[in-house]
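Undergrad: As input, take input_19.cif (mmCIF, C-alpha atoms and all ligand atoms):
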data_run
#
loop_
_atom_site.label_atom_id
_atom_site.label_comp_id
_atom_site.auth_asym_id
_atom_site.auth_seq_id
_atom_site.Cartn_x
_atom_site.Cartn_y
_atom_site.Cartn_z
CA MET A 1 -10.48 98.62 -39.73
CA LYS A 2 -13.39 100.40 -38.05
CA THR A 3 -12.85 102.00 -34.66
CA VAL A 4 -15.44 103.17 -32.16
CA THR A 5 -14.44 105.05 -29.01
CA VAL A 6 -16.25 104.72 -25.71
CA ASN A 7 -15.73 108.12 -24.10
CA LEU A 8 -15.38 107.75 -20.34
CA LEU A 9 -12.65 110.24 -19.34
CA ASP A 10 -9.65 108.29 -18.02
CA ARG A 11 -11.50 105.00 -18.62
CA SER A 12 -12.09 105.65 -22.34
CA TYR A 13 -11.30 102.80 -24.71
CA GLN A 14 -11.47 101.73 -28.30
CA ILE A 15 -13.53 99.05 -29.96
CA GLN A 16 -11.65 97.77 -33.00
CA ILE A 17 -13.68 95.93 -35.63
CA SER A 18 -12.30 94.08 -38.63
CA PRO A 19 -12.15 90.61 -40.19
CA GLY A 20 -8.98 88.76 -39.16
CA LEU A 21 -8.13 90.81 -36.04
CA LEU A 22 -7.60 87.73 -33.84
CA ALA A 23 -4.30 86.91 -35.51
CA GLY A 24 -2.85 90.30 -34.55
CA ILE A 25 -3.96 90.38 -30.94
CA ALA A 26 -0.41 90.37 -29.51
CA ASP A 27 0.33 93.69 -31.27
CA ARG A 28 -2.52 95.25 -29.30
CA LEU A 29 -1.16 93.79 -26.02
CA GLU A 30 2.29 95.08 -26.87
CA GLU A 31 0.81 98.59 -27.20
CA MET A 32 -0.51 98.12 -23.66
CA GLN A 33 2.93 97.06 -22.48
CA ALA A 34 1.58 93.76 -21.21
CA ASP A 35 3.91 90.79 -21.21
CA LYS A 36 1.76 88.31 -19.30
CA ALA A 37 -1.78 87.32 -20.23
CA VAL A 38 -4.47 84.90 -19.16
CA ILE A 39 -7.00 83.83 -21.77
CA ILE A 40 -10.37 82.91 -20.31
CA THR A 41 -12.55 81.01 -22.75
CA ASP A 42 -14.86 78.02 -23.17
CA ASN A 43 -13.97 74.66 -24.66
CA LEU A 44 -15.88 75.24 -27.90
CA VAL A 45 -14.56 78.73 -28.61
CA TYR A 46 -11.04 77.60 -27.73
CA SER A 47 -11.23 74.77 -30.26
CA LEU A 48 -12.35 77.25 -32.94
CA TYR A 49 -10.25 80.33 -32.18
CA GLY A 50 -7.54 79.42 -29.65
CA LYS A 51 -4.85 78.75 -32.23
CA PRO A 52 -4.49 82.16 -33.94
CA ILE A 53 -4.40 83.91 -30.58
CA ILE A 54 -1.80 81.58 -29.10
CA SER A 55 0.47 81.83 -32.12
CA SER A 56 0.16 85.62 -32.07
CA LEU A 57 1.19 85.69 -28.37
CA LYS A 58 4.08 83.29 -29.00
CA LYS A 59 5.43 85.44 -31.82
CA LYS A 60 5.70 88.42 -29.46
CA ASN A 61 7.02 86.35 -26.54
CA ILE A 62 4.06 87.20 -24.35
CA LYS A 63 3.74 84.63 -21.55
CA TYR A 64 0.25 83.21 -21.39
CA LYS A 65 -2.03 80.77 -19.63
CA VAL A 66 -5.33 79.44 -20.97
CA ILE A 67 -8.26 78.85 -18.62
CA LYS A 68 -10.99 76.84 -20.36
CA ILE A 69 -14.39 76.12 -18.89
CA PRO A 70 -17.33 74.08 -20.18
CA VAL A 71 -19.89 75.84 -22.38
CA GLY A 72 -23.05 77.28 -20.85
CA GLU A 73 -24.81 79.80 -18.62
CA GLU A 74 -24.60 77.30 -15.68
CA GLN A 75 -20.88 78.21 -15.47
CA LYS A 76 -21.74 81.81 -14.68
CA LYS A 77 -21.48 81.37 -10.91
CA ILE A 78 -19.13 82.47 -8.16
CA ASN A 79 -17.50 79.02 -7.83
CA THR A 80 -16.17 79.33 -11.37
CA VAL A 81 -14.64 82.69 -10.48
CA VAL A 82 -13.04 81.35 -7.29
CA LYS A 83 -11.36 78.50 -9.20
CA MET A 84 -10.04 81.05 -11.69
CA TYR A 85 -8.46 83.17 -8.93
CA ASP A 86 -6.43 80.08 -7.91
CA LYS A 87 -5.16 79.69 -11.46
CA LEU A 88 -4.25 83.37 -11.74
CA VAL A 89 -2.33 83.18 -8.46
CA ASP A 90 -0.51 79.99 -9.59
CA PHE A 91 0.44 81.73 -12.82
CA GLN A 92 1.50 84.83 -10.85
CA LEU A 93 -0.39 87.20 -13.11
CA PRO A 94 0.97 90.60 -12.06
CA ARG A 95 -1.06 93.77 -11.53
CA ASP A 96 -0.07 94.97 -14.98
CA GLY A 97 -1.05 91.64 -16.56
CA VAL A 98 -4.00 91.20 -18.89
CA VAL A 99 -7.12 89.06 -18.81
CA ILE A 100 -8.40 88.27 -22.30
CA ALA A 101 -12.07 87.29 -22.44
CA LEU A 102 -12.44 85.13 -25.55
CA GLY A 103 -16.01 84.02 -26.16
CA GLY A 104 -19.67 84.96 -25.89
CA GLY A 105 -21.42 86.97 -23.19
CA VAL A 106 -21.06 84.25 -20.57
CA ILE A 107 -17.27 84.29 -20.85
CA GLY A 108 -17.17 88.10 -21.12
CA ASP A 109 -19.20 88.51 -17.92
CA ILE A 110 -17.18 85.95 -15.92
CA ALA A 111 -13.75 87.04 -17.17
CA GLY A 112 -14.70 90.69 -16.72
CA PHE A 113 -15.57 90.05 -13.08
CA VAL A 114 -12.34 88.13 -12.52
CA ALA A 115 -10.34 91.01 -14.04
CA ALA A 116 -12.26 93.55 -11.97
CA THR A 117 -11.56 91.81 -8.67
CA TYR A 118 -8.22 89.98 -8.94
CA MET A 119 -5.63 92.21 -7.21
CA ARG A 120 -8.28 94.96 -7.13
CA GLY A 121 -8.35 95.04 -10.92
CA VAL A 122 -6.09 94.05 -13.81
CA LYS A 123 -6.32 95.03 -17.47
CA LEU A 124 -9.21 93.49 -19.36
CA VAL A 125 -9.41 92.92 -23.12
CA GLN A 126 -12.76 91.76 -24.43
CA VAL A 127 -12.62 89.56 -27.53
CA PRO A 128 -16.30 88.79 -28.15
CA THR A 129 -17.12 85.95 -30.54
CA THR A 130 -20.94 85.89 -30.57
CA LEU A 131 -23.01 88.59 -32.24
CA LEU A 132 -24.70 89.37 -28.92
CA ALA A 133 -21.35 89.84 -27.21
CA GLN A 134 -19.98 91.96 -30.09
CA VAL A 135 -22.92 94.36 -30.19
CA ASP A 136 -23.88 94.35 -26.55
CA SER A 137 -22.25 92.52 -23.63
CA ALA A 138 -18.56 93.25 -24.37
CA VAL A 139 -19.23 97.00 -24.47
CA GLY A 140 -20.27 99.03 -21.46
CA GLY A 141 -18.49 97.45 -18.52
CA LYS A 142 -21.16 95.32 -16.89
CA THR A 143 -19.50 92.20 -15.50
CA GLY A 144 -20.63 89.53 -13.09
CA VAL A 145 -22.16 86.17 -12.33
CA ASN A 146 -25.55 84.76 -11.38
CA HIS A 147 -26.73 84.02 -7.85
CA PRO A 148 -28.98 80.97 -7.32
CA ARG A 149 -31.79 83.44 -6.66
CA GLY A 150 -31.25 85.80 -9.56
CA LYS A 151 -29.41 86.50 -12.81
CA ASN A 152 -26.40 88.84 -12.76
CA MET A 153 -26.84 89.59 -9.05
CA ILE A 154 -23.14 89.56 -8.19
CA GLY A 155 -20.95 91.87 -10.23
CA SER A 156 -19.37 95.21 -10.87
CA PHE A 157 -19.00 97.90 -13.49
CA TYR A 158 -15.52 97.43 -14.92
CA GLN A 159 -14.55 98.83 -18.31
CA PRO A 160 -12.15 96.93 -20.57
CA LYS A 161 -8.96 98.55 -21.87
CA MET A 162 -9.93 97.49 -25.38
CA VAL A 163 -12.53 95.49 -27.30
CA ILE A 164 -11.27 93.52 -30.29
CA ILE A 165 -13.96 92.28 -32.66
CA ASP A 166 -13.07 89.85 -35.43
CA VAL A 167 -16.29 89.63 -37.43
CA LEU A 168 -15.05 86.44 -39.13
CA THR A 169 -15.95 84.61 -35.89
CA LEU A 170 -19.59 85.07 -36.91
CA LEU A 171 -19.04 82.52 -39.69
CA THR A 172 -19.14 79.61 -37.22
CA LEU A 173 -22.03 80.91 -35.13
CA PRO A 174 -25.17 78.72 -35.16
CA GLN A 175 -28.27 80.37 -36.67
CA LYS A 176 -30.05 80.63 -33.28
CA GLU A 177 -27.11 82.55 -31.83
CA VAL A 178 -27.14 84.92 -34.83
CA GLU A 179 -30.84 85.56 -34.25
CA THR A 180 -30.41 86.24 -30.54
CA GLY A 181 -27.88 88.97 -31.34
CA LEU A 182 -30.04 90.40 -34.12
CA ALA A 183 -32.85 91.27 -31.71
CA GLU A 184 -30.43 93.63 -29.92
CA VAL A 185 -29.27 95.03 -33.26
CA VAL A 186 -32.85 95.88 -34.30
CA LYS A 187 -33.31 97.46 -30.87
CA TYR A 188 -30.44 99.89 -31.58
CA GLY A 189 -32.03 100.95 -34.87
CA ILE A 190 -35.33 101.63 -33.13
CA ILE A 191 -33.71 103.50 -30.24
CA GLU A 192 -31.43 105.82 -32.12
CA ASP A 193 -30.98 105.53 -35.86
CA GLU A 194 -33.61 105.26 -38.58
CA SER A 195 -31.07 104.98 -41.40
CA PHE A 196 -29.44 102.02 -39.62
CA PHE A 197 -32.89 100.44 -39.30
CA ASN A 198 -33.38 100.94 -43.06
CA PHE A 199 -29.96 99.38 -43.72
CA LEU A 200 -31.05 96.31 -41.75
CA GLU A 201 -34.29 96.11 -43.76
CA LYS A 202 -32.35 96.31 -47.01
CA ASN A 203 -29.87 93.59 -46.01
CA SER A 204 -32.13 91.31 -43.96
CA HIS A 205 -31.82 88.48 -46.52
CA LEU A 206 -28.06 88.32 -45.84
CA LEU A 207 -28.27 88.23 -42.06
CA ASN A 208 -28.52 84.54 -41.37
CA ALA A 209 -26.13 81.63 -41.09
CA LYS A 210 -27.50 80.16 -44.37
CA ALA A 211 -26.17 83.15 -46.32
CA PHE A 212 -22.63 82.06 -45.31
CA LYS A 213 -23.04 78.86 -47.34
CA ASN A 214 -22.43 80.82 -50.56
CA LYS A 215 -18.66 81.09 -50.12
CA LYS A 216 -18.25 83.65 -52.93
CA ALA A 217 -20.67 86.02 -51.20
CA ILE A 218 -18.82 85.96 -47.86
CA PRO A 219 -16.55 89.01 -48.36
CA GLY A 220 -19.58 91.15 -49.24
CA ILE A 221 -21.61 89.77 -46.34
CA MET A 222 -18.71 90.45 -43.95
CA LYS A 223 -18.77 94.13 -45.01
CA VAL A 224 -22.44 94.23 -44.03
CA TRP A 225 -21.70 92.60 -40.65
CA GLU A 226 -18.84 95.00 -40.06
CA THR A 227 -21.22 97.92 -40.55
CA ILE A 228 -23.84 96.32 -38.31
CA VAL A 229 -21.38 95.71 -35.48
CA GLU A 230 -19.89 99.19 -35.86
CA GLU A 231 -23.23 101.01 -35.86
CA SER A 232 -24.51 98.95 -32.91
CA CYS A 233 -21.34 99.60 -30.91
CA LYS A 234 -21.55 103.33 -31.73
CA ILE A 235 -25.04 103.52 -30.28
CA LYS A 236 -24.21 101.47 -27.19
CA ALA A 237 -20.98 103.46 -26.67
CA LYS A 238 -22.86 106.76 -26.89
CA VAL A 239 -25.49 105.73 -24.34
CA VAL A 240 -22.87 104.23 -21.98
CA SER A 241 -20.76 107.40 -22.24
CA GLU A 242 -23.79 109.41 -21.18
CA ASP A 243 -24.74 107.21 -18.24
CA GLU A 244 -22.04 104.67 -17.37
CA ARG A 245 -23.59 103.32 -14.17
CA GLU A 246 -27.30 103.68 -14.83
CA GLU A 247 -27.50 106.71 -12.60
CA THR A 248 -29.24 109.30 -14.77
CA GLY A 249 -31.80 107.04 -16.37
CA ARG A 250 -30.31 107.50 -19.87
CA ARG A 251 -28.93 103.94 -20.00
CA MET A 252 -32.46 102.72 -19.34
CA ILE A 253 -33.34 103.26 -23.02
CA LEU A 254 -31.22 100.18 -23.76
CA ASN A 255 -33.96 98.24 -21.97
CA LEU A 256 -36.36 98.75 -24.87
CA GLY A 257 -38.18 95.42 -25.29
CA HIS A 258 -36.44 93.96 -22.24
CA THR A 259 -39.09 94.71 -19.61
CA PHE A 260 -41.64 92.57 -21.44
CA GLY A 261 -38.92 90.21 -22.67
CA HIS A 262 -37.61 89.43 -19.17
CA ALA A 263 -41.15 88.70 -18.04
CA PHE A 264 -41.65 86.19 -20.88
CA GLU A 265 -38.29 84.56 -20.11
CA ALA A 266 -38.74 84.39 -16.35
CA LEU A 267 -42.29 83.06 -16.60
CA THR A 268 -41.15 80.17 -18.77
CA ASN A 269 -38.10 79.45 -16.55
CA TYR A 270 -35.66 80.67 -19.20
CA SER A 271 -36.34 77.51 -21.20
CA ARG A 272 -38.98 78.31 -23.83
CA TYR A 273 -37.51 81.50 -25.32
CA ARG A 274 -33.92 82.36 -25.96
CA HIS A 275 -33.03 85.84 -24.73
CA GLY A 276 -33.15 87.36 -28.23
CA GLU A 277 -36.49 85.77 -28.99
CA ALA A 278 -37.98 87.16 -25.78
CA VAL A 279 -36.52 90.60 -26.59
CA SER A 280 -38.00 90.43 -30.11
CA ILE A 281 -41.51 89.79 -28.74
CA GLY A 282 -40.80 92.46 -26.12
CA LEU A 283 -39.97 94.97 -28.89
CA VAL A 284 -43.35 94.23 -30.48
CA ALA A 285 -45.14 94.62 -27.13
CA ALA A 286 -43.40 97.96 -26.41
CA SER A 287 -44.26 99.19 -29.92
CA ARG A 288 -47.90 98.09 -29.59
CA LEU A 289 -48.10 99.85 -26.23
CA ALA A 290 -46.84 103.07 -27.82
CA GLU A 291 -49.34 102.61 -30.66
CA ARG A 292 -52.20 102.10 -28.21
CA MET A 293 -51.15 105.27 -26.39
CA LYS A 294 -51.02 107.13 -29.73
CA LEU A 295 -47.30 107.86 -29.35
CA ILE A 296 -46.23 106.18 -32.62
CA LYS A 297 -47.81 105.78 -36.05
CA SER A 298 -49.19 102.32 -36.92
CA GLU A 299 -47.09 102.21 -40.13
CA GLN A 300 -43.93 102.48 -38.02
CA VAL A 301 -45.05 99.64 -35.78
CA ALA A 302 -45.76 97.55 -38.89
CA LYS A 303 -42.22 98.28 -40.14
CA ILE A 304 -40.72 97.13 -36.82
CA ILE A 305 -42.73 93.90 -36.86
CA GLY A 306 -41.89 93.40 -40.56
CA LEU A 307 -38.13 93.61 -39.91
CA LEU A 308 -38.26 91.22 -36.95
CA LYS A 309 -40.19 88.72 -39.07
CA ALA A 310 -37.76 89.11 -41.98
CA LEU A 311 -34.95 88.22 -39.56
CA ASN A 312 -36.84 85.09 -38.51
CA LEU A 313 -37.45 86.43 -35.01
CA PRO A 314 -40.73 85.62 -33.22
CA VAL A 315 -43.30 88.40 -32.78
CA THR A 316 -45.85 86.60 -30.58
CA VAL A 317 -45.84 84.30 -27.54
CA ASP A 318 -47.81 81.06 -27.29
CA ASN A 319 -50.61 81.43 -24.91
CA LEU A 320 -49.01 82.80 -21.73
CA PRO A 321 -51.63 83.87 -19.16
CA VAL A 322 -51.90 87.67 -19.00
CA ASN A 323 -52.12 87.70 -15.21
CA LYS A 324 -48.96 85.63 -14.85
CA VAL A 325 -47.09 87.96 -17.20
CA LEU A 326 -48.26 90.96 -15.18
CA GLU A 327 -47.03 89.28 -12.01
CA SER A 328 -43.74 88.54 -13.69
CA LEU A 329 -43.44 92.16 -14.83
CA ASN A 330 -42.81 92.66 -11.15
CA ILE A 331 -45.85 94.73 -10.91
CA ASP A 332 -45.30 95.53 -7.21
CA LYS A 333 -42.21 97.54 -7.96
CA LYS A 334 -43.27 99.15 -11.21
CA VAL A 335 -46.91 100.02 -10.70
CA ARG A 336 -47.58 103.41 -9.23
CA GLN A 337 -51.31 104.03 -8.97
CA ASN A 338 -52.02 101.41 -11.61
CA LYS A 339 -49.33 102.72 -13.96
CA ILE A 340 -46.09 101.07 -15.10
CA ASN A 341 -42.77 102.53 -16.38
CA PHE A 342 -41.76 101.41 -19.87
CA VAL A 343 -39.34 102.39 -22.62
CA VAL A 344 -41.37 102.73 -25.84
CA PRO A 345 -40.59 103.88 -29.39
CA THR A 346 -42.22 107.09 -30.59
CA ALA A 347 -40.81 106.66 -34.11
CA ILE A 348 -38.12 104.50 -35.64
CA GLY A 349 -34.98 106.12 -34.20
CA LYS A 350 -36.67 107.68 -31.17
CA VAL A 351 -37.71 106.33 -27.79
CA LYS A 352 -39.25 107.69 -24.65
CA ILE A 353 -39.53 106.49 -21.07
CA ILE A 354 -43.16 106.63 -20.03
CA ASP A 355 -44.42 106.49 -16.49
CA GLN A 356 -48.03 106.56 -17.49
CA ALA A 357 -48.84 103.23 -19.06
CA PRO A 358 -52.26 102.32 -17.78
CA LEU A 359 -52.55 98.73 -16.64
CA SER A 360 -55.56 98.26 -18.96
CA ALA A 361 -53.42 99.20 -21.99
CA VAL A 362 -50.65 96.82 -20.92
CA LYS A 363 -53.21 94.00 -20.59
CA LYS A 364 -54.58 94.67 -24.10
CA VAL A 365 -51.07 94.69 -25.55
CA LEU A 366 -50.28 91.35 -23.91
CA ILE A 367 -53.37 89.87 -25.57
CA GLU A 368 -52.28 91.35 -28.91
CA VAL A 369 -48.91 89.54 -28.64
CA GLY A 370 -50.58 86.21 -27.97
CA CYS A 371 -51.19 86.05 -24.21
CA SER A 372 -54.52 84.65 -23.09
N1 LIG A 401 -22.58 92.41 -19.61
C1 LIG A 401 -23.60 92.82 -20.32
O1 LIG A 401 -23.82 94.02 -20.53
C2 LIG A 401 -24.51 91.78 -20.93
C3 LIG A 401 -25.46 92.17 -21.89
C4 LIG A 401 -26.24 91.19 -22.47
C5 LIG A 401 -26.08 89.85 -22.11
N2 LIG A 401 -25.14 89.51 -21.17
C6 LIG A 401 -24.94 88.12 -20.78
O2 LIG A 401 -24.46 87.42 -21.94
C7 LIG A 401 -24.77 86.04 -21.79
C8 LIG A 401 -25.26 85.51 -23.12
O3 LIG A 401 -24.22 85.67 -24.06
P1 LIG A 401 -24.23 84.91 -25.47
O4 LIG A 401 -25.58 85.06 -26.08
O5 LIG A 401 -23.06 85.38 -26.22
O6 LIG A 401 -24.14 83.38 -25.05
P2 LIG A 401 -22.90 82.42 -24.71
O7 LIG A 401 -21.78 83.18 -24.17
O8 LIG A 401 -23.48 81.33 -23.88
O9 LIG A 401 -22.51 81.83 -26.13
C9 LIG A 401 -23.45 81.05 -26.82
C10 LIG A 401 -22.81 79.80 -27.39
O10 LIG A 401 -22.06 80.14 -28.55
C11 LIG A 401 -20.79 79.51 -28.51
N3 LIG A 401 -19.91 80.36 -29.31
C12 LIG A 401 -19.34 81.53 -28.96
N4 LIG A 401 -18.72 82.07 -30.01
C13 LIG A 401 -18.88 81.21 -31.05
C14 LIG A 401 -18.49 81.23 -32.40
N5 LIG A 401 -17.84 82.28 -32.93
N6 LIG A 401 -18.83 80.17 -33.18
C15 LIG A 401 -19.54 79.14 -32.67
N7 LIG A 401 -19.97 79.08 -31.41
C16 LIG A 401 -19.64 80.12 -30.60
C17 LIG A 401 -20.47 79.42 -27.05
O11 LIG A 401 -19.54 78.39 -26.82
C18 LIG A 401 -21.85 79.09 -26.47
O12 LIG A 401 -22.09 77.71 -26.58
C19 LIG A 401 -25.78 85.95 -20.66
O13 LIG A 401 -25.14 85.42 -19.52
C20 LIG A 401 -26.19 87.38 -20.40
O14 LIG A 401 -26.55 87.62 -19.05
C21 LIG A 401 -24.36 90.45 -20.58
#
Please lay out the structure from this file as structure tokens.

TA:
Amino acid sequence: MKTVTVNLLDRSYQIQISPGLLAGIADRLEEMQADKAVIITDNLVYSLYGKPIISSLKKKNIKYKVIKIPVGEEQKKINTVVKMYDKLVDFQLPRDGVVIALGGGVIGDIAGFVAATYMRGVKLVQVPTTLLAQVDSAVGGKTGVNHPRGKNMIGSFYQPKMVIIDVLTLLTLPQKEVETGLAEVVKYGIIEDESFFNFLEKNSHLLNAKAFKNKKAIPGIMKVWETIVEESCKIKAKVVSEDEREETGRRMILNLGHTFGHAFEALTNYSRYRHGEAVSIGLVAASRLAERMKLIKSEQVAKIIGLLKALNLPVTVDNLPVNKVLESLNIDKKVRQNKINFVVPTAIGKVKIIDQAPLSAVKKVLIEVGCS
């Protein structure tokens, strides 16, 4: 088993990563001296992974309740949370009880917020089952729900007591969900670790749902995924440990590719690009901006684009109007005397926050990534 520690003084916790961990979840709860647990999940994930968890809890006589909700981002709203409070009260989950978040980022964010606020906070165990949740959303303590006027507007920072990652759950993940998580994985390589980036290049042919069809190759592929999840979590854990609540600016480096990406997503009403696709194009835009400002060598930019393509991620948009993208970049807030703040790579493994991106350079970059 691989273990990564998120160092946050008295709120430090471990991320445990291994194939087959779901079946032993009750042992982890026992270590936490928890004898009552609520599992928050969605219908699909429950049908795939409910059983091993339930039988593990039964074996250790841990009392449990399952709260299942329909699949989808639409569920990430305050009404869902309110209904969950009722169920927790009915079940009499005590202050030393545990909320287990079993699912992707949507479940992790909702369940995290419920755990943060029910009785002023109960123990939270994140059990992420999508790649995005395993490498990103389950680590770092951001929890919350959407408001009709904005994503993730209601929430709190609330760290889990433990993150349990069973990489075998990736076997059932649809290809598009694998790709969305991979954009974040590539981001980590660019931010912090060139050798990890090279590892991704070397193994790119294995990192898709099709590779799972060759049953004999699965144990080897799982080793690769284990390394990918571990290295990604290490990088996220390090950045979060340095700036838990986005106060020093350090955590901002995790936004590499996201400033452009959010603009592409918002402009197309979150319907044309999946989050990972928008981030992928955003990574290209940030790299091109750095290239234009002579902060990174062109060969390095080519390597970044090459890896994204090898992972089947998009590297251009279709015809979005430059002016609309600039508007969507929330230019009012970010432009200071015609300049915009961005996180850009200066080499593979190194990034920099720049506050001197001239608007003219941003416009040229947008055209380079396919805007008109
Ligand atoms: N808290 C954070 O720091 C943070 C960071 C990034 C994203 N997020 C949030 O995460 C959410 C997106 O998360 P996501 O991409 O995991 O999407 P998701 O939670 O919607 O899951 C995607 C789909 O995959 C299904 N699924 C989950 N695990 C599966 C498995 N093992 N096999 C088959 N299907 C499975 C789910 O039922 C769902 O239909 C967004 O709401 C976003 O705002 C939060």

Undergrad: Which is closest to Gly141 (chain A) among A:Val229, A:Ile107, A:Leu124, A:Val45, if we use only C-alpha atoms?

TA: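 Looking only at the distances to Gly141 (chain A), the closest residue turns out to be A:Leu124.
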
Undergrad: Given a cut-off of 8 Å, what residues near ligand LIG 401 (chain A) show up using all atoms listed in the file, put as a ChimeraX atom specification?

TA: /A:42-45,48-49,71-73,76,103-109,128-133,136-145,151-152,168-174,177,180-181,275

Undergrad: Just checking: using only C-alpha atoms, which residue out of A:Ala263, A:Ile40, A:Ala310, A:Ile296 ends up closest to Asn323 (chain A)?

TA: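 Of all the options, A:Ala263 lies closest to Asn323 (chain A).
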
Undergrad: Kindly indicate which residue among A:Ala302, A:Ile354, A:Ile69, A:Met32 lies nearest to Val125 (chain A), using all atoms listed in the file for the distances.

TA: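 Of A:Ala302, A:Ile354, A:Ile69, A:Met32, the one nearest Val125 (chain A), counting all atoms listed in the file, is A:Met32.
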
Undergrad: From the list A:Ala237, A:Leu254, A:Ala286, A:Val167, which residue is nearest Pro219 (chain A) when using all atoms listed in the file?

TA: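 Going through A:Ala237, A:Leu254, A:Ala286, A:Val167 one by one, the smallest distance to Pro219 (chain A) is for A:Val167.
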
Undergrad: Hey, can you check how far CA of Lys363 (chain A) sits from CA of Pro314 (chain A)?

TA: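 So the answer is 19.6 Å.
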
Undergrad: Please list as a ChimeraX atom specification every residue within 9 Å of Ala361 (chain A), counting all atoms listed in the file and excluding residues in the same chain fewer than 3 positions away.

TA: /A:289,292-293,357-358,364-366

Undergrad: Using all atoms listed in the file, which of A:Ile235, A:Ile253, A:Ala266, A:Ala116 sits nearest Arg149 (chain A)?

TA: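 Closest to Arg149 (chain A), using all atoms listed in the file: A:Ala266.
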
Undergrad: Could you jot down the CA of Val135 (chain A) to CA of Leu22 (chain A) separation for me, Å, one decimal place?

TA: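 CA of Leu22 (chain A) lies at a distance of 17.1 Å from CA of Val135 (chain A).
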
Undergrad: Could you check the closest approach to Leu311 (chain A) for each of A:Lys234, A:Lys36, A:Arg11, A:Lys210 and tell me which residue wins, using all atoms listed in the file?

TA: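 The shortest atom-to-atom distance to Leu311 (chain A) comes from A:Lys210.
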
Undergrad: Which residues are close to Val362 (chain A), i.e. within 12 Å by only C-alpha atoms, leaving aside same-chain residues fewer than 4 positions away? Reply as a VMD selection string.

TA: chain A and resid 259 to 260 282 285 to 293 322 to 323 325 to 326 329 331 335 338 to 342 356 to 358 366 to 369 371

Undergrad: Return the padded bounding box of region 143-154 of chain A as lines of an AutoDock Vina configuration file: axis-aligned, built from all atoms listed in the file, 4 Å added on each side, with centre and edge lengths in Å to one decimal.

TA:
center_x = -25.6
center_y = 86.6
center_z = -11.1
size_x = 20.3
size_y = 19.2
size_z = 16.8

Undergrad: Set the distance at 9 Å and use all atoms listed in the file: which residues neighbour Lys123 (chain A) once local chain neighbours fewer than 3 positions away are removed? I'd like the list as a PyMOL selection string.

TA: chain A and resi 34+95-100+115-116+160-161

Undergrad: Go ahead and compute the interatomic distance for CA of Lys87 (chain A) and CA of Ser12 (chain A), in Å to one decimal.

TA: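 That distance, rounded to one decimal, is 29.0 Å.
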
Undergrad: Around the point (-0.6, 84.1, -19.1), in the coordinates given by the file, pick out the residues reaching within 12 Å, counting all atoms listed in the file, and return them as a short mmCIF file (atom, residue, chain, number, x, y, z; two decimals) with C-alpha atoms, keeping the file's coordinate frame.

TA:
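Heads up, here's the output in out.cif:
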data_model
loop_
_atom_site.label_atom_id
_atom_site.label_comp_id
_atom_site.auth_asym_id
_atom_site.auth_seq_id
_atom_site.Cartn_x
_atom_site.Cartn_y
_atom_site.Cartn_z
CA LEU A 29 -1.16 93.79 -26.02
CA ALA A 34 1.58 93.76 -21.21
CA ASP A 35 3.91 90.79 -21.21
CA LYS A 36 1.76 88.31 -19.30
CA ALA A 37 -1.78 87.32 -20.23
CA VAL A 38 -4.47 84.90 -19.16
CA ILE A 39 -7.00 83.83 -21.77
CA ILE A 40 -10.37 82.91 -20.31
CA ILE A 54 -1.80 81.58 -29.10
CA LEU A 57 1.19 85.69 -28.37
CA LYS A 58 4.08 83.29 -29.00
CA ASN A 61 7.02 86.35 -26.54
CA ILE A 62 4.06 87.20 -24.35
CA LYS A 63 3.74 84.63 -21.55
CA TYR A 64 0.25 83.21 -21.39
CA LYS A 65 -2.03 80.77 -19.63
CA VAL A 66 -5.33 79.44 -20.97
CA ILE A 67 -8.26 78.85 -18.62
CA LYS A 87 -5.16 79.69 -11.46
CA LEU A 88 -4.25 83.37 -11.74
CA VAL A 89 -2.33 83.18 -8.46
CA ASP A 90 -0.51 79.99 -9.59
CA PHE A 91 0.44 81.73 -12.82
CA GLN A 92 1.50 84.83 -10.85
CA LEU A 93 -0.39 87.20 -13.11
CA PRO A 94 0.97 90.60 -12.06
CA ASP A 96 -0.07 94.97 -14.98
CA GLY A 97 -1.05 91.64 -16.56
CA VAL A 98 -4.00 91.20 -18.89
CA VAL A 99 -7.12 89.06 -18.81
CA ILE A 100 -8.40 88.27 -22.30
#

Undergrad: Would you pick out the contacts of Lys202 (chain A) at 12 Å or less, using only C-alpha atoms, so that residues sharing its chain but fewer than 5 positions from it are not included, and give the list as a list in words?

TA: Ser195, Phe196, Phe197, Leu207, Val224, Gly306, Leu307, Ala310 and Leu311 of chain A
